[in-house]
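K.L.:
The structure is given below, and queries will be raised subsequently.
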Amino acid sequence: MEATVHFINSIIWSKALIAVCLGAGLFFSIRTRFMQIRGFFEMCRLTVQGEKSDAGVSSFQALAMSMAGRMGIGNIAGVATAIAFGGPGAIFWMWVMGFLGASTSYVECTLAQIYKTKDAEGRYRGGPAYYIEKAMGMKWYALAFAVATIIAAGFLMPGVQANAIADSIINACRGGALCGPLDGQVLGMESVQALKLGIGVVVALLLGVVIFGGVKRIANFAEVVVPFMAAAFILMAIVIMIINYDRVPEMFGIIFDSAFGTHAAFGAMMGLAVEWGIKRGIYANEAGQGSGPHAAAASEVSHPAKQGYVQAFAIYFDTMMVCTATAFLILASGTYNVYSPVEGAAPIFQGLAGIPEGAGYAQAGVEAVLPGWGASFVSVAIFFFAFTTIMAYYYMAETNLSYINQNRKRPLTVLVLRLGIIGMVVFGAFHNATLAWALGDIGVGLMAWLNIIAILIVQKPAMLALRDYERQKKLGLDPTFDPDALGIKNADFWRQRKLELSRSE
């Protein structure tokens with residue numbers, strides 16, 4: 001089974017997908033005239049504004065929901081894996097993907113707002129499946145994305161997050177304060193598997209409490225947890241950098257030299273640095289993957305571009321701050337390994353012995369500064385990062401199930417989805433990490449292929465919305481959206497909203 005999974009993964013994540021992701025980001029940056037630079041302060045302003053209603057959540061709640069999906073284990077274990085197989089230079093290419101990906105995120109999230117609709121319970125729903133059908137007129141393509149997302153977000157990707165939670169707790173138990181300073185030999189294989197299964201069950205039960213509460217509970221939970229956990233983790237990384245201040249210049253030098261192949265040790269890994277930086281960058285910030293638009297569509301705004309700006313800011317926050325914090329924490333403390341691209345060769349750099357690539361790198365880095373507590377702190381951070389991501393995965397899967405159900409109430413299908421994702425959390429928690437990551441990569445890759453092709457084709461409405469928003473801002477107005485004035489067809493929600501507003505005046 002594992003051989004088949006890895007083979008499929010290698011096909012999906014070929015160099016073609018790497019090129020498409022980078023190329024799309026550059027293309028959209030040029031088309032939007034680098035709105036991620038020009039509109040930076042507008043992004044920040046809009047992030048803390050916005051109204052919510054019975055149908056939709058506030059801009060900040062939508063940001064928190066999308067960040068819950070973005071700020072998962074990719075921000076910790078994903079960064080460590082990129083360093084292990086791509087060298088420190090992979091971090092630079094993650095930054096590049098984050099910068100260019102901000103414009104990609106604007107396009108896909110604005111499209112989600114333009115073509116959103118209301119479900120049978122009066123809640124906003126939207127995402128790639130909706131804008132593929134309405135803007136492209138290709139129902140079969142929209143169904144393909146919806147099915148792929150239900151499989152990916154509901155069954156393939158949650159296992160990565162659950163596995164990381166379990167592994168980080170095991171690491172903390174073996175030497176941290178979370179479960180007491182246990183000797184690693186005390187936890188035999190059977191004990192480890194039993195403990196991981198127990199962790200999976202607990203996480204699954206907690207997930208059930210949240211997802212059975214619906215989208216409002218998901219939004220409220222994310223609004224509180226996401227900012228807190230991100231701030232705490234970034235603060236810890238800053239503390240590590242201050243303590244290791246003398247190594248910071250060297251760290252930046254290694255990142256840039258490795259990224260362009262000029263570092264003596266990592267020079268031969270430039271291609272791998274690009275590949276792993278982009279691959280893990282997409283996994284971490286999800287720009288172009290098609291996950292962010294689901295939460296973006298749930299926002300209550302007066303103009304679609306507003307949520308596009310907010311979601312572009314989400315990419316900055318995720319990649320430039322959280323992923324960078326993890327990278328600095330690992331590189332400044334020297335707690336990482338870099339494996340040779342030559343099979344069977346000795347590691348190019350080995351700062352840790354006996355710890356596989358992943359969250360253990362970050363745990364070892366903090367443990368070096370806070371002996372007995374560092375691994376436990378990172379374990380707690382990973383729990384919140386991963387748990388909120390699983391929660392967001394469910395919302396994405398449910399939204400696409402709602403699309404397939406044509407926004408009609410079908411409680412049985414929703415129940416099956418909820419039980420399925422809860423079951424996969426338990427399965428992923430005690431299964432091996434290599435298989436979990438491979439399954440997760442397949443899920444991310446499937447969504448990315450389908451979504452990026454779609455937004456390259458249907459980008460025009462997002463560009464019209466951007467120009468319209470900027471025009472109204474120059475006139476000193478609070479921008480409102482009129483799809484008919486812009487020649488945008490099938491924006492049924494906004495057309496109906498315009499009629500309702502005109503009747504009430």
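Chain lettering (A, B, ...) mirrors the order of the structure tokens, residue numbering begins at 1 for each chain separately, and ligand numbering begins at 1 in order of display.
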How close does each residue of segment 421-503 of chain A get to segment 296-312 of chain A, giving the shortest atom pair and distance in Å to one decimal for every residue with an atom at most 9 Å away, counting only C-alpha atoms, sorted by chain and residue number, as a tab-separated table?
P.N.:
```
residue	atom	partner	partner_atom	distance
A:Ala462	CA	A:Ala305	CA	7.6
A:Ala465	CA	A:Ala305	CA	6.0
A:Leu466	CA	A:Ala305	CA	5.8
A:Asp468	CA	A:Ala305	CA	8.8
A:Tyr469	CA	A:Ala305	CA	6.6
A:Asp478	CA	A:Ser302	CA	8.3
A:Pro479	CA	A:His303	CA	6.1
A:Thr480	CA	A:His303	CA	5.0
A:Phe481	CA	A:His303	CA	4.9
A:Asp482	CA	A:His303	CA	8.6
```
K.L.:
For those residues, write N, CA, C and O atoms to a file as a compact mmCIF listing (two decimals), in the first residue's frame.
P.N.:
```txt
# COMPACT_ATOMS: atom_id res chain seq x y z
N ALA A 462 -12.24 38.60 -10.73
CA ALA A 462 -11.45 39.04 -9.57
C ALA A 462 -10.67 40.30 -9.90
O ALA A 462 -10.52 41.20 -9.05
N ALA A 465 -13.11 43.20 -10.00
CA ALA A 465 -13.48 43.58 -8.63
C ALA A 465 -12.39 44.41 -7.98
O ALA A 465 -12.67 45.38 -7.26
N LEU A 466 -11.13 44.07 -8.24
CA LEU A 466 -10.01 44.82 -7.66
C LEU A 466 -10.00 46.25 -8.18
O LEU A 466 -9.87 47.21 -7.40
N ASP A 468 -12.48 47.92 -9.47
CA ASP A 468 -13.68 48.59 -8.99
C ASP A 468 -13.51 49.04 -7.54
O ASP A 468 -13.89 50.16 -7.17
N TYR A 469 -12.93 48.18 -6.73
CA TYR A 469 -12.70 48.52 -5.31
C TYR A 469 -11.76 49.71 -5.20
O TYR A 469 -12.02 50.66 -4.44
N ASP A 478 -17.08 53.85 0.80
CA ASP A 478 -16.95 52.49 1.33
C ASP A 478 -17.45 51.59 0.21
O ASP A 478 -18.66 51.53 -0.04
N PRO A 479 -16.58 50.88 -0.49
CA PRO A 479 -16.97 50.20 -1.71
C PRO A 479 -18.11 49.20 -1.55
O PRO A 479 -18.18 48.46 -0.57
N THR A 480 -19.01 49.22 -2.50
CA THR A 480 -20.09 48.23 -2.60
C THR A 480 -19.99 47.58 -3.98
O THR A 480 -19.37 48.13 -4.89
N PHE A 481 -20.63 46.43 -4.12
CA PHE A 481 -20.42 45.63 -5.32
C PHE A 481 -21.68 45.54 -6.16
O PHE A 481 -22.76 45.20 -5.66
N ASP A 482 -21.54 45.84 -7.44
CA ASP A 482 -22.63 45.72 -8.41
C ASP A 482 -22.11 44.91 -9.60
O ASP A 482 -21.43 45.44 -10.47
```
K.L.:
Each residue of segment 243-289 of chain A lying at most 12 Å from segment 74-82 of chain A should get a row with its shortest atom-to-atom pair and the distance in Å to one decimal, counting only C-alpha atoms; could you produce that, ordered by chain and increasing number, as a tab-separated table?
P.N.:
```
residue	atom	partner	partner_atom	distance
A:Met269	CA	A:Ala82	CA	11.7
A:Leu272	CA	A:Ala82	CA	9.0
A:Ala273	CA	A:Ala82	CA	7.6
A:Val274	CA	A:Ala82	CA	9.6
A:Glu275	CA	A:Ala82	CA	8.9
A:Trp276	CA	A:Ala82	CA	5.2
A:Gly277	CA	A:Ala82	CA	6.0
A:Ile278	CA	A:Ala82	CA	9.1
A:Lys279	CA	A:Ala82	CA	8.3
A:Arg280	CA	A:Gly78	CA	5.7
A:Gly281	CA	A:Gly74	CA	8.1
A:Ile282	CA	A:Gly74	CA	8.9
A:Tyr283	CA	A:Gly74	CA	5.9
A:Ala284	CA	A:Gly74	CA	4.6
A:Asn285	CA	A:Asn75	CA	8.3
A:Glu286	CA	A:Gly74	CA	9.8
```
K.L.:
Can you write out the residues you just picked, keeping all heavy atoms, as a compact mmCIF listing (two decimals), in the first residue's frame?
P.N.:
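Contents of the output file selection-v9.txt:
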```txt
# COMPACT_ATOMS: atom_id res chain seq x y z
N MET A 269 22.21 21.20 -3.69
CA MET A 269 20.82 20.97 -3.34
C MET A 269 19.89 22.10 -3.79
O MET A 269 18.75 22.16 -3.35
CB MET A 269 20.68 20.78 -1.83
CG MET A 269 21.43 19.60 -1.27
SD MET A 269 21.16 19.38 0.50
CE MET A 269 19.43 18.91 0.53
N LEU A 272 16.58 20.94 -5.06
CA LEU A 272 15.77 20.40 -3.97
C LEU A 272 15.26 21.51 -3.05
O LEU A 272 14.16 21.41 -2.50
CB LEU A 272 16.58 19.38 -3.16
CG LEU A 272 16.89 18.06 -3.88
CD1 LEU A 272 17.86 17.22 -3.05
CD2 LEU A 272 15.61 17.28 -4.13
N ALA A 273 16.06 22.56 -2.88
CA ALA A 273 15.63 23.69 -2.06
C ALA A 273 14.38 24.33 -2.65
O ALA A 273 13.42 24.64 -1.94
CB ALA A 273 16.75 24.73 -1.94
N VAL A 274 14.39 24.52 -3.99
CA VAL A 274 13.23 25.09 -4.66
C VAL A 274 12.03 24.15 -4.52
O VAL A 274 10.92 24.57 -4.14
CB VAL A 274 13.53 25.35 -6.15
CG1 VAL A 274 12.27 25.88 -6.85
CG2 VAL A 274 14.67 26.33 -6.31
N GLU A 275 12.25 22.88 -4.82
CA GLU A 275 11.16 21.89 -4.80
C GLU A 275 10.52 21.78 -3.42
O GLU A 275 9.29 21.87 -3.28
CB GLU A 275 11.70 20.54 -5.24
CG GLU A 275 10.64 19.43 -5.22
CD GLU A 275 11.20 18.09 -5.66
OE1 GLU A 275 12.28 18.06 -6.30
OE2 GLU A 275 10.56 17.05 -5.37
N TRP A 276 11.34 21.60 -2.39
CA TRP A 276 10.79 21.42 -1.04
C TRP A 276 10.27 22.73 -0.46
O TRP A 276 9.30 22.73 0.31
CB TRP A 276 11.85 20.80 -0.11
CG TRP A 276 11.95 19.33 -0.32
CD1 TRP A 276 12.82 18.66 -1.14
CD2 TRP A 276 11.10 18.33 0.26
NE1 TRP A 276 12.57 17.31 -1.08
CE2 TRP A 276 11.53 17.08 -0.23
CE3 TRP A 276 10.04 18.37 1.16
CZ2 TRP A 276 10.93 15.87 0.14
CZ3 TRP A 276 9.43 17.18 1.54
CH2 TRP A 276 9.87 15.95 1.03
N GLY A 277 10.89 23.84 -0.83
CA GLY A 277 10.38 25.13 -0.36
C GLY A 277 8.99 25.42 -0.89
O GLY A 277 8.10 25.84 -0.15
N ILE A 278 8.78 25.17 -2.20
CA ILE A 278 7.47 25.41 -2.81
C ILE A 278 6.46 24.40 -2.29
O ILE A 278 5.33 24.74 -1.92
CB ILE A 278 7.56 25.32 -4.34
CG1 ILE A 278 8.56 26.34 -4.90
CG2 ILE A 278 6.18 25.52 -4.97
CD1 ILE A 278 8.26 27.77 -4.53
N LYS A 279 6.87 23.13 -2.24
CA LYS A 279 5.97 22.05 -1.82
C LYS A 279 5.46 22.26 -0.40
O LYS A 279 4.25 22.23 -0.14
CB LYS A 279 6.70 20.72 -1.93
CG LYS A 279 5.84 19.49 -1.65
CD LYS A 279 6.67 18.23 -1.91
CE LYS A 279 5.85 16.97 -1.67
NZ LYS A 279 6.63 15.75 -1.97
N ARG A 280 6.38 22.52 0.50
CA ARG A 280 5.97 22.72 1.89
C ARG A 280 5.38 24.11 2.10
O ARG A 280 4.59 24.33 3.01
CB ARG A 280 7.16 22.48 2.83
CG ARG A 280 7.50 21.00 2.97
CD ARG A 280 6.39 20.26 3.70
NE ARG A 280 6.55 18.81 3.63
CZ ARG A 280 5.81 18.00 2.91
NH1 ARG A 280 4.84 18.50 2.15
NH2 ARG A 280 6.01 16.70 2.91
N GLY A 281 5.77 25.07 1.25
CA GLY A 281 5.16 26.39 1.32
C GLY A 281 3.67 26.33 1.01
O GLY A 281 2.85 26.95 1.68
N ILE A 282 3.32 25.56 -0.02
CA ILE A 282 1.91 25.41 -0.37
C ILE A 282 1.17 24.67 0.73
O ILE A 282 0.03 25.02 1.08
CB ILE A 282 1.78 24.65 -1.71
CG1 ILE A 282 2.36 25.49 -2.84
CG2 ILE A 282 0.32 24.30 -2.01
CD1 ILE A 282 2.43 24.76 -4.16
N TYR A 283 1.81 23.64 1.29
CA TYR A 283 1.16 22.89 2.36
C TYR A 283 0.89 23.80 3.56
O TYR A 283 -0.13 23.68 4.24
CB TYR A 283 2.03 21.71 2.79
CG TYR A 283 1.24 20.59 3.43
CD1 TYR A 283 1.00 19.41 2.73
CD2 TYR A 283 0.72 20.70 4.71
CE1 TYR A 283 0.26 18.38 3.29
CE2 TYR A 283 -0.02 19.68 5.27
CZ TYR A 283 -0.24 18.52 4.56
OH TYR A 283 -0.97 17.52 5.12
N ALA A 284 1.83 24.70 3.82
CA ALA A 284 1.69 25.57 4.99
C ALA A 284 0.69 26.70 4.75
O ALA A 284 -0.23 26.92 5.55
CB ALA A 284 3.06 26.15 5.38
N ASN A 285 0.84 27.46 3.64
CA ASN A 285 -0.03 28.63 3.47
C ASN A 285 -1.23 28.37 2.57
O ASN A 285 -2.17 29.17 2.54
CB ASN A 285 0.77 29.83 2.94
CG ASN A 285 1.35 29.61 1.56
OD1 ASN A 285 0.69 29.15 0.65
ND2 ASN A 285 2.63 29.98 1.38
N GLU A 286 -1.20 27.26 1.80
CA GLU A 286 -2.33 26.79 1.00
C GLU A 286 -2.75 27.76 -0.11
O GLU A 286 -3.86 27.65 -0.64
CB GLU A 286 -3.53 26.46 1.90
CG GLU A 286 -3.21 25.39 2.93
CD GLU A 286 -4.41 24.97 3.77
OE1 GLU A 286 -5.49 25.54 3.59
OE2 GLU A 286 -4.23 24.08 4.60
```
K.L.:
Would you mind listing what lies within 7 Å of segment 425-438 of chain A as an mmCIF file with all heavy atoms, in the first residue's frame, with only C-alpha atoms counted and same-chain residues fewer than 5 positions away left out?
P.N.:
```cif
data_model
loop_
_atom_site.group_PDB
_atom_site.id
_atom_site.type_symbol
_atom_site.label_atom_id
_atom_site.label_comp_id
_atom_site.auth_asym_id
_atom_site.auth_seq_id
_atom_site.Cartn_x
_atom_site.Cartn_y
_atom_site.Cartn_z
ATOM 1 N N GLU A 2 1.888 1.265 0.872
ATOM 2 C CA GLU A 2 2.737 2.451 0.980
ATOM 3 C C GLU A 2 3.436 2.753 -0.340
ATOM 4 O O GLU A 2 3.565 3.913 -0.735
ATOM 5 C CB GLU A 2 3.758 2.270 2.107
ATOM 6 C CG GLU A 2 3.156 2.370 3.499
ATOM 7 C CD GLU A 2 4.213 2.526 4.574
ATOM 8 O OE1 GLU A 2 5.251 3.161 4.288
ATOM 9 O OE2 GLU A 2 4.007 2.026 5.689
ATOM 10 N N VAL A 5 0.983 4.444 -2.650
ATOM 11 C CA VAL A 5 0.725 5.820 -2.214
ATOM 12 C C VAL A 5 1.870 6.737 -2.609
ATOM 13 O O VAL A 5 1.654 7.837 -3.145
ATOM 14 C CB VAL A 5 0.484 5.866 -0.691
ATOM 15 C CG1 VAL A 5 0.474 7.321 -0.194
ATOM 16 C CG2 VAL A 5 -0.829 5.189 -0.326
ATOM 17 N N HIS A 6 3.105 6.289 -2.383
ATOM 18 C CA HIS A 6 4.270 7.115 -2.717
ATOM 19 C C HIS A 6 4.410 7.298 -4.227
ATOM 20 O O HIS A 6 4.847 8.361 -4.693
ATOM 21 C CB HIS A 6 5.538 6.503 -2.129
ATOM 22 C CG HIS A 6 5.635 6.629 -0.638
ATOM 23 N ND1 HIS A 6 5.703 7.852 -0.007
ATOM 24 C CD2 HIS A 6 5.652 5.703 0.342
ATOM 25 C CE1 HIS A 6 5.770 7.664 1.317
ATOM 26 N NE2 HIS A 6 5.729 6.371 1.540
ATOM 27 N N ASN A 9 1.876 9.884 -5.226
ATOM 28 C CA ASN A 9 2.353 11.171 -4.722
ATOM 29 C C ASN A 9 3.423 11.759 -5.636
ATOM 30 O O ASN A 9 3.432 12.966 -5.920
ATOM 31 C CB ASN A 9 2.895 10.996 -3.302
ATOM 32 C CG ASN A 9 3.222 12.315 -2.637
ATOM 33 O OD1 ASN A 9 2.666 13.355 -2.963
ATOM 34 N ND2 ASN A 9 4.136 12.287 -1.687
ATOM 35 N N PRO A 158 -6.500 15.000 7.295
ATOM 36 C CA PRO A 158 -6.575 15.044 8.765
ATOM 37 C C PRO A 158 -5.583 14.122 9.467
ATOM 38 O O PRO A 158 -5.122 14.415 10.575
ATOM 39 C CB PRO A 158 -8.020 14.606 9.057
ATOM 40 C CG PRO A 158 -8.778 14.972 7.827
ATOM 41 C CD PRO A 158 -7.817 14.723 6.701
ATOM 42 N N GLY A 159 -5.219 13.007 8.816
ATOM 43 C CA GLY A 159 -4.295 12.059 9.440
ATOM 44 C C GLY A 159 -2.932 12.651 9.718
ATOM 45 O O GLY A 159 -2.275 12.300 10.701
ATOM 46 N N VAL A 160 -2.466 13.562 8.837
ATOM 47 C CA VAL A 160 -1.164 14.211 9.043
ATOM 48 C C VAL A 160 -1.179 15.008 10.343
ATOM 49 O O VAL A 160 -0.241 14.939 11.146
ATOM 50 C CB VAL A 160 -0.831 15.148 7.862
ATOM 51 C CG1 VAL A 160 0.505 15.847 8.089
ATOM 52 C CG2 VAL A 160 -0.805 14.369 6.560
ATOM 53 N N ALA A 162 -3.295 14.726 12.957
ATOM 54 C CA ALA A 162 -3.461 13.864 14.129
ATOM 55 C C ALA A 162 -2.175 13.122 14.458
ATOM 56 O O ALA A 162 -1.809 12.967 15.635
ATOM 57 C CB ALA A 162 -4.596 12.870 13.879
ATOM 58 N N ASN A 163 -1.470 12.679 13.430
ATOM 59 C CA ASN A 163 -0.205 11.970 13.637
ATOM 60 C C ASN A 163 0.824 12.872 14.299
ATOM 61 O O ASN A 163 1.569 12.444 15.194
ATOM 62 C CB ASN A 163 0.307 11.458 12.291
ATOM 63 C CG ASN A 163 1.518 10.556 12.438
ATOM 64 O OD1 ASN A 163 2.650 11.029 12.485
ATOM 65 N ND2 ASN A 163 1.278 9.266 12.513
ATOM 66 N N ALA A 166 0.073 13.301 18.020
ATOM 67 C CA ALA A 166 0.470 12.117 18.784
ATOM 68 C C ALA A 166 1.989 12.023 18.926
ATOM 69 O O ALA A 166 2.511 11.781 20.019
ATOM 70 C CB ALA A 166 -0.084 10.861 18.113
ATOM 71 N N GLN A 193 2.225 2.744 20.774
ATOM 72 C CA GLN A 193 1.047 2.609 19.923
ATOM 73 C C GLN A 193 -0.239 2.769 20.724
ATOM 74 O O GLN A 193 -1.199 3.387 20.257
ATOM 75 C CB GLN A 193 1.063 1.244 19.219
ATOM 76 C CG GLN A 193 2.117 1.122 18.116
ATOM 77 C CD GLN A 193 1.929 2.154 17.030
ATOM 78 O OE1 GLN A 193 2.599 3.196 17.018
ATOM 79 N NE2 GLN A 193 1.011 1.898 16.112
ATOM 80 N N LYS A 196 -0.599 6.468 21.504
ATOM 81 C CA LYS A 196 -1.000 7.220 20.305
ATOM 82 C C LYS A 196 -2.464 6.973 19.960
ATOM 83 O O LYS A 196 -3.176 7.884 19.544
ATOM 84 C CB LYS A 196 -0.096 6.841 19.129
ATOM 85 C CG LYS A 196 1.343 7.321 19.288
ATOM 86 C CD LYS A 196 2.224 6.898 18.134
ATOM 87 C CE LYS A 196 1.936 7.672 16.877
ATOM 88 N NZ LYS A 196 2.921 7.381 15.803
ATOM 89 N N LEU A 197 -2.912 5.726 20.139
ATOM 90 C CA LEU A 197 -4.321 5.429 19.890
ATOM 91 C C LEU A 197 -5.206 6.206 20.862
ATOM 92 O O LEU A 197 -6.232 6.776 20.467
ATOM 93 C CB LEU A 197 -4.571 3.926 20.031
ATOM 94 C CG LEU A 197 -6.027 3.465 19.855
ATOM 95 C CD1 LEU A 197 -6.545 3.840 18.472
ATOM 96 C CD2 LEU A 197 -6.144 1.953 20.088
ATOM 97 N N GLY A 200 -5.367 9.766 19.812
ATOM 98 C CA GLY A 200 -6.251 9.894 18.668
ATOM 99 C C GLY A 200 -7.710 9.905 19.060
ATOM 100 O O GLY A 200 -8.510 10.691 18.527
ATOM 101 N N VAL A 201 -8.083 9.060 19.998
ATOM 102 C CA VAL A 201 -9.469 8.996 20.470
ATOM 103 C C VAL A 201 -9.867 10.304 21.150
ATOM 104 O O VAL A 201 -10.956 10.837 20.920
ATOM 105 C CB VAL A 201 -9.664 7.799 21.424
ATOM 106 C CG1 VAL A 201 -11.041 7.869 22.097
ATOM 107 C CG2 VAL A 201 -9.516 6.481 20.673
ATOM 108 N N ALA A 204 -10.252 13.024 18.590
ATOM 109 C CA ALA A 204 -11.472 12.779 17.818
ATOM 110 C C ALA A 204 -12.713 13.210 18.595
ATOM 111 O O ALA A 204 -13.642 13.801 18.025
ATOM 112 C CB ALA A 204 -11.565 11.300 17.454
#
```
K.L.:
Please give the complete set of residues from segment 151-341 of chain A that DSSP, run on the backbone, assigns to helix (DSSP H, G or I), formatted as a PyMOL selection string.
P.N.:
chain A and resi 151-156+158-175+189-211+215-243+245-259+267-285+292-297+304-333
K.L.:
List the neighbours of segment 342-346 of chain A out to 12 Å using only C-alpha atoms; skip same-chain residues closer than 3 positions along the sequence, and give me the result as a list in words.
P.N.:
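Once the nearby chain positions are removed, what remains is Phe85, Ala268, Met269, Leu272, Asn337, Val338, Tyr339, Phe349 and Gln350 of chain A.
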K.L.:
Keeping only N, CA, C and O atoms, write the selected residues as an mmCIF file, in the first residue's frame.
P.N.:
```
data_model
loop_
_atom_site.group_PDB
_atom_site.id
_atom_site.type_symbol
_atom_site.label_atom_id
_atom_site.label_comp_id
_atom_site.auth_asym_id
_atom_site.auth_seq_id
_atom_site.Cartn_x
_atom_site.Cartn_y
_atom_site.Cartn_z
ATOM 1 N N PHE A 85 15.234 17.955 3.750
ATOM 2 C CA PHE A 85 15.403 17.413 2.402
ATOM 3 C C PHE A 85 15.762 18.467 1.355
ATOM 4 O O PHE A 85 16.180 18.104 0.247
ATOM 5 N N ALA A 268 24.864 21.668 -3.936
ATOM 6 C CA ALA A 268 24.291 20.710 -4.880
ATOM 7 C C ALA A 268 22.791 20.517 -4.686
ATOM 8 O O ALA A 268 22.162 19.769 -5.421
ATOM 9 N N MET A 269 22.214 21.196 -3.691
ATOM 10 C CA MET A 269 20.816 20.967 -3.345
ATOM 11 C C MET A 269 19.893 22.099 -3.788
ATOM 12 O O MET A 269 18.750 22.155 -3.351
ATOM 13 N N LEU A 272 16.575 20.944 -5.056
ATOM 14 C CA LEU A 272 15.766 20.395 -3.967
ATOM 15 C C LEU A 272 15.262 21.506 -3.054
ATOM 16 O O LEU A 272 14.163 21.408 -2.495
ATOM 17 N N ASN A 337 18.764 18.256 10.830
ATOM 18 C CA ASN A 337 19.598 17.438 9.961
ATOM 19 C C ASN A 337 19.281 17.807 8.513
ATOM 20 O O ASN A 337 18.160 18.187 8.202
ATOM 21 N N VAL A 338 20.262 17.670 7.633
ATOM 22 C CA VAL A 338 20.041 17.837 6.200
ATOM 23 C C VAL A 338 20.570 16.583 5.521
ATOM 24 O O VAL A 338 21.755 16.256 5.634
ATOM 25 N N TYR A 339 19.683 15.876 4.844
ATOM 26 C CA TYR A 339 20.041 14.603 4.233
ATOM 27 C C TYR A 339 20.576 14.794 2.816
ATOM 28 O O TYR A 339 20.124 15.667 2.071
ATOM 29 N N PHE A 349 24.469 17.556 6.898
ATOM 30 C CA PHE A 349 24.577 18.220 8.199
ATOM 31 C C PHE A 349 23.741 17.434 9.197
ATOM 32 O O PHE A 349 22.619 17.054 8.891
ATOM 33 N N GLN A 350 24.300 17.179 10.375
ATOM 34 C CA GLN A 350 23.554 16.439 11.387
ATOM 35 C C GLN A 350 23.723 17.117 12.739
ATOM 36 O O GLN A 350 24.747 16.996 13.394
#
```
K.L.:
One number please: atom CA of Ala491 of chain A to atom CA of Glu470 of chain A, in Å, one decimal.
P.N.:
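These two atoms are separated by 19.9 Å.
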K.L.:
Excluding Met241 of chain A and residues on its chain fewer than 2 positions from it, collect all residues at most 10 Å away from it, counting only C-alpha atoms, and give them as a short mmCIF file (atom, residue, chain, number, x, y, z; two decimals) with N, CA, C and O atoms, in the first residue's frame.
P.N.:
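Done, and the output landed in out-v8.cif:
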```
data_model
loop_
_atom_site.label_atom_id
_atom_site.label_comp_id
_atom_site.auth_asym_id
_atom_site.auth_seq_id
_atom_site.Cartn_x
_atom_site.Cartn_y
_atom_site.Cartn_z
N LEU A 235 6.39 34.42 19.76
CA LEU A 235 7.13 34.97 20.91
C LEU A 235 8.23 34.02 21.35
O LEU A 235 9.36 34.46 21.65
N MET A 236 7.93 32.72 21.40
CA MET A 236 8.94 31.76 21.78
C MET A 236 10.10 31.76 20.79
O MET A 236 11.28 31.70 21.18
N ALA A 237 9.80 31.85 19.50
CA ALA A 237 10.86 31.89 18.49
C ALA A 237 11.74 33.13 18.65
O ALA A 237 12.97 33.06 18.50
N ILE A 238 11.11 34.26 18.97
CA ILE A 238 11.87 35.50 19.19
C ILE A 238 12.80 35.34 20.39
O ILE A 238 13.96 35.78 20.35
N VAL A 239 12.32 34.72 21.44
CA VAL A 239 13.15 34.48 22.63
C VAL A 239 14.35 33.62 22.27
O VAL A 239 15.49 33.91 22.68
N ILE A 243 18.33 34.76 22.51
CA ILE A 243 19.33 33.98 23.25
C ILE A 243 20.49 33.57 22.34
O ILE A 243 21.64 33.54 22.77
N ASN A 244 20.17 33.28 21.09
CA ASN A 244 21.20 32.88 20.12
C ASN A 244 21.51 34.01 19.14
O ASN A 244 21.75 33.77 17.97
N TYR A 245 21.52 35.24 19.63
CA TYR A 245 21.67 36.41 18.77
C TYR A 245 22.94 36.37 17.93
O TYR A 245 22.99 36.87 16.79
N ASP A 246 23.99 35.78 18.46
CA ASP A 246 25.25 35.76 17.75
C ASP A 246 25.22 34.86 16.51
O ASP A 246 26.06 34.97 15.63
N ARG A 247 24.20 33.98 16.43
CA ARG A 247 24.11 33.07 15.30
C ARG A 247 23.14 33.57 14.23
O ARG A 247 23.03 32.96 13.16
N VAL A 248 22.43 34.66 14.49
CA VAL A 248 21.42 35.15 13.55
C VAL A 248 22.02 35.55 12.20
O VAL A 248 21.52 35.15 11.15
N ALA A 325 9.16 31.89 11.91
CA ALA A 325 9.45 31.68 13.33
C ALA A 325 9.97 30.27 13.57
O ALA A 325 10.96 30.06 14.29
N PHE A 328 13.57 29.96 12.04
CA PHE A 328 14.57 30.63 12.85
C PHE A 328 14.84 29.86 14.13
O PHE A 328 15.98 29.75 14.58
N LEU A 329 13.77 29.33 14.72
CA LEU A 329 13.93 28.56 15.96
C LEU A 329 14.84 27.36 15.72
O LEU A 329 15.74 27.07 16.52
N ILE A 330 14.63 26.66 14.60
CA ILE A 330 15.40 25.45 14.30
C ILE A 330 16.83 25.80 13.89
O ILE A 330 17.80 25.23 14.41
N LEU A 331 16.98 26.76 12.98
CA LEU A 331 18.30 27.09 12.46
C LEU A 331 19.18 27.79 13.49
O LEU A 331 20.38 27.54 13.57
N ALA A 332 18.57 28.68 14.29
CA ALA A 332 19.36 29.41 15.28
C ALA A 332 19.91 28.49 16.36
O ALA A 332 20.98 28.72 16.91
N SER A 333 19.15 27.44 16.67
CA SER A 333 19.59 26.50 17.71
C SER A 333 20.40 25.34 17.14
O SER A 333 20.98 24.56 17.90
#
```
K.L.:
With a distance cut-off of 10 Å and only C-alpha atoms, select the neighbouring residues of Phe256 of chain A, excluding the residue or stretch itself and same-chain residues fewer than 3 positions from it, and output the selection as a PyMOL selection string.
P.N.:
chain A and resi 88-93+251-253+259-263
K.L.:
Could you take the residues named above and write them with C-alpha atoms, as an mmCIF file, in the first residue's frame?
P.N.:
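File again_32.cif, as written:
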```
data_model
loop_
_atom_site.group_PDB
_atom_site.id
_atom_site.type_symbol
_atom_site.label_atom_id
_atom_site.label_comp_id
_atom_site.auth_asym_id
_atom_site.auth_seq_id
_atom_site.Cartn_x
_atom_site.Cartn_y
_atom_site.Cartn_z
ATOM 1 C CA PRO A 88 18.176 25.764 4.754
ATOM 2 C CA GLY A 89 17.674 27.367 1.340
ATOM 3 C CA ALA A 90 14.183 25.851 1.195
ATOM 4 C CA ILE A 91 13.131 28.593 3.633
ATOM 5 C CA PHE A 92 13.938 31.303 1.089
ATOM 6 C CA TRP A 93 11.741 29.586 -1.500
ATOM 7 C CA MET A 251 21.626 31.844 9.877
ATOM 8 C CA PHE A 252 20.540 34.387 7.244
ATOM 9 C CA GLY A 253 23.752 33.740 5.322
ATOM 10 C CA ALA A 259 18.887 28.960 -1.745
ATOM 11 C CA PHE A 260 21.091 29.961 -4.697
ATOM 12 C CA GLY A 261 23.477 27.018 -4.544
ATOM 13 C CA THR A 262 26.543 28.982 -3.410
ATOM 14 C CA HIS A 263 26.918 27.362 0.025
#
```
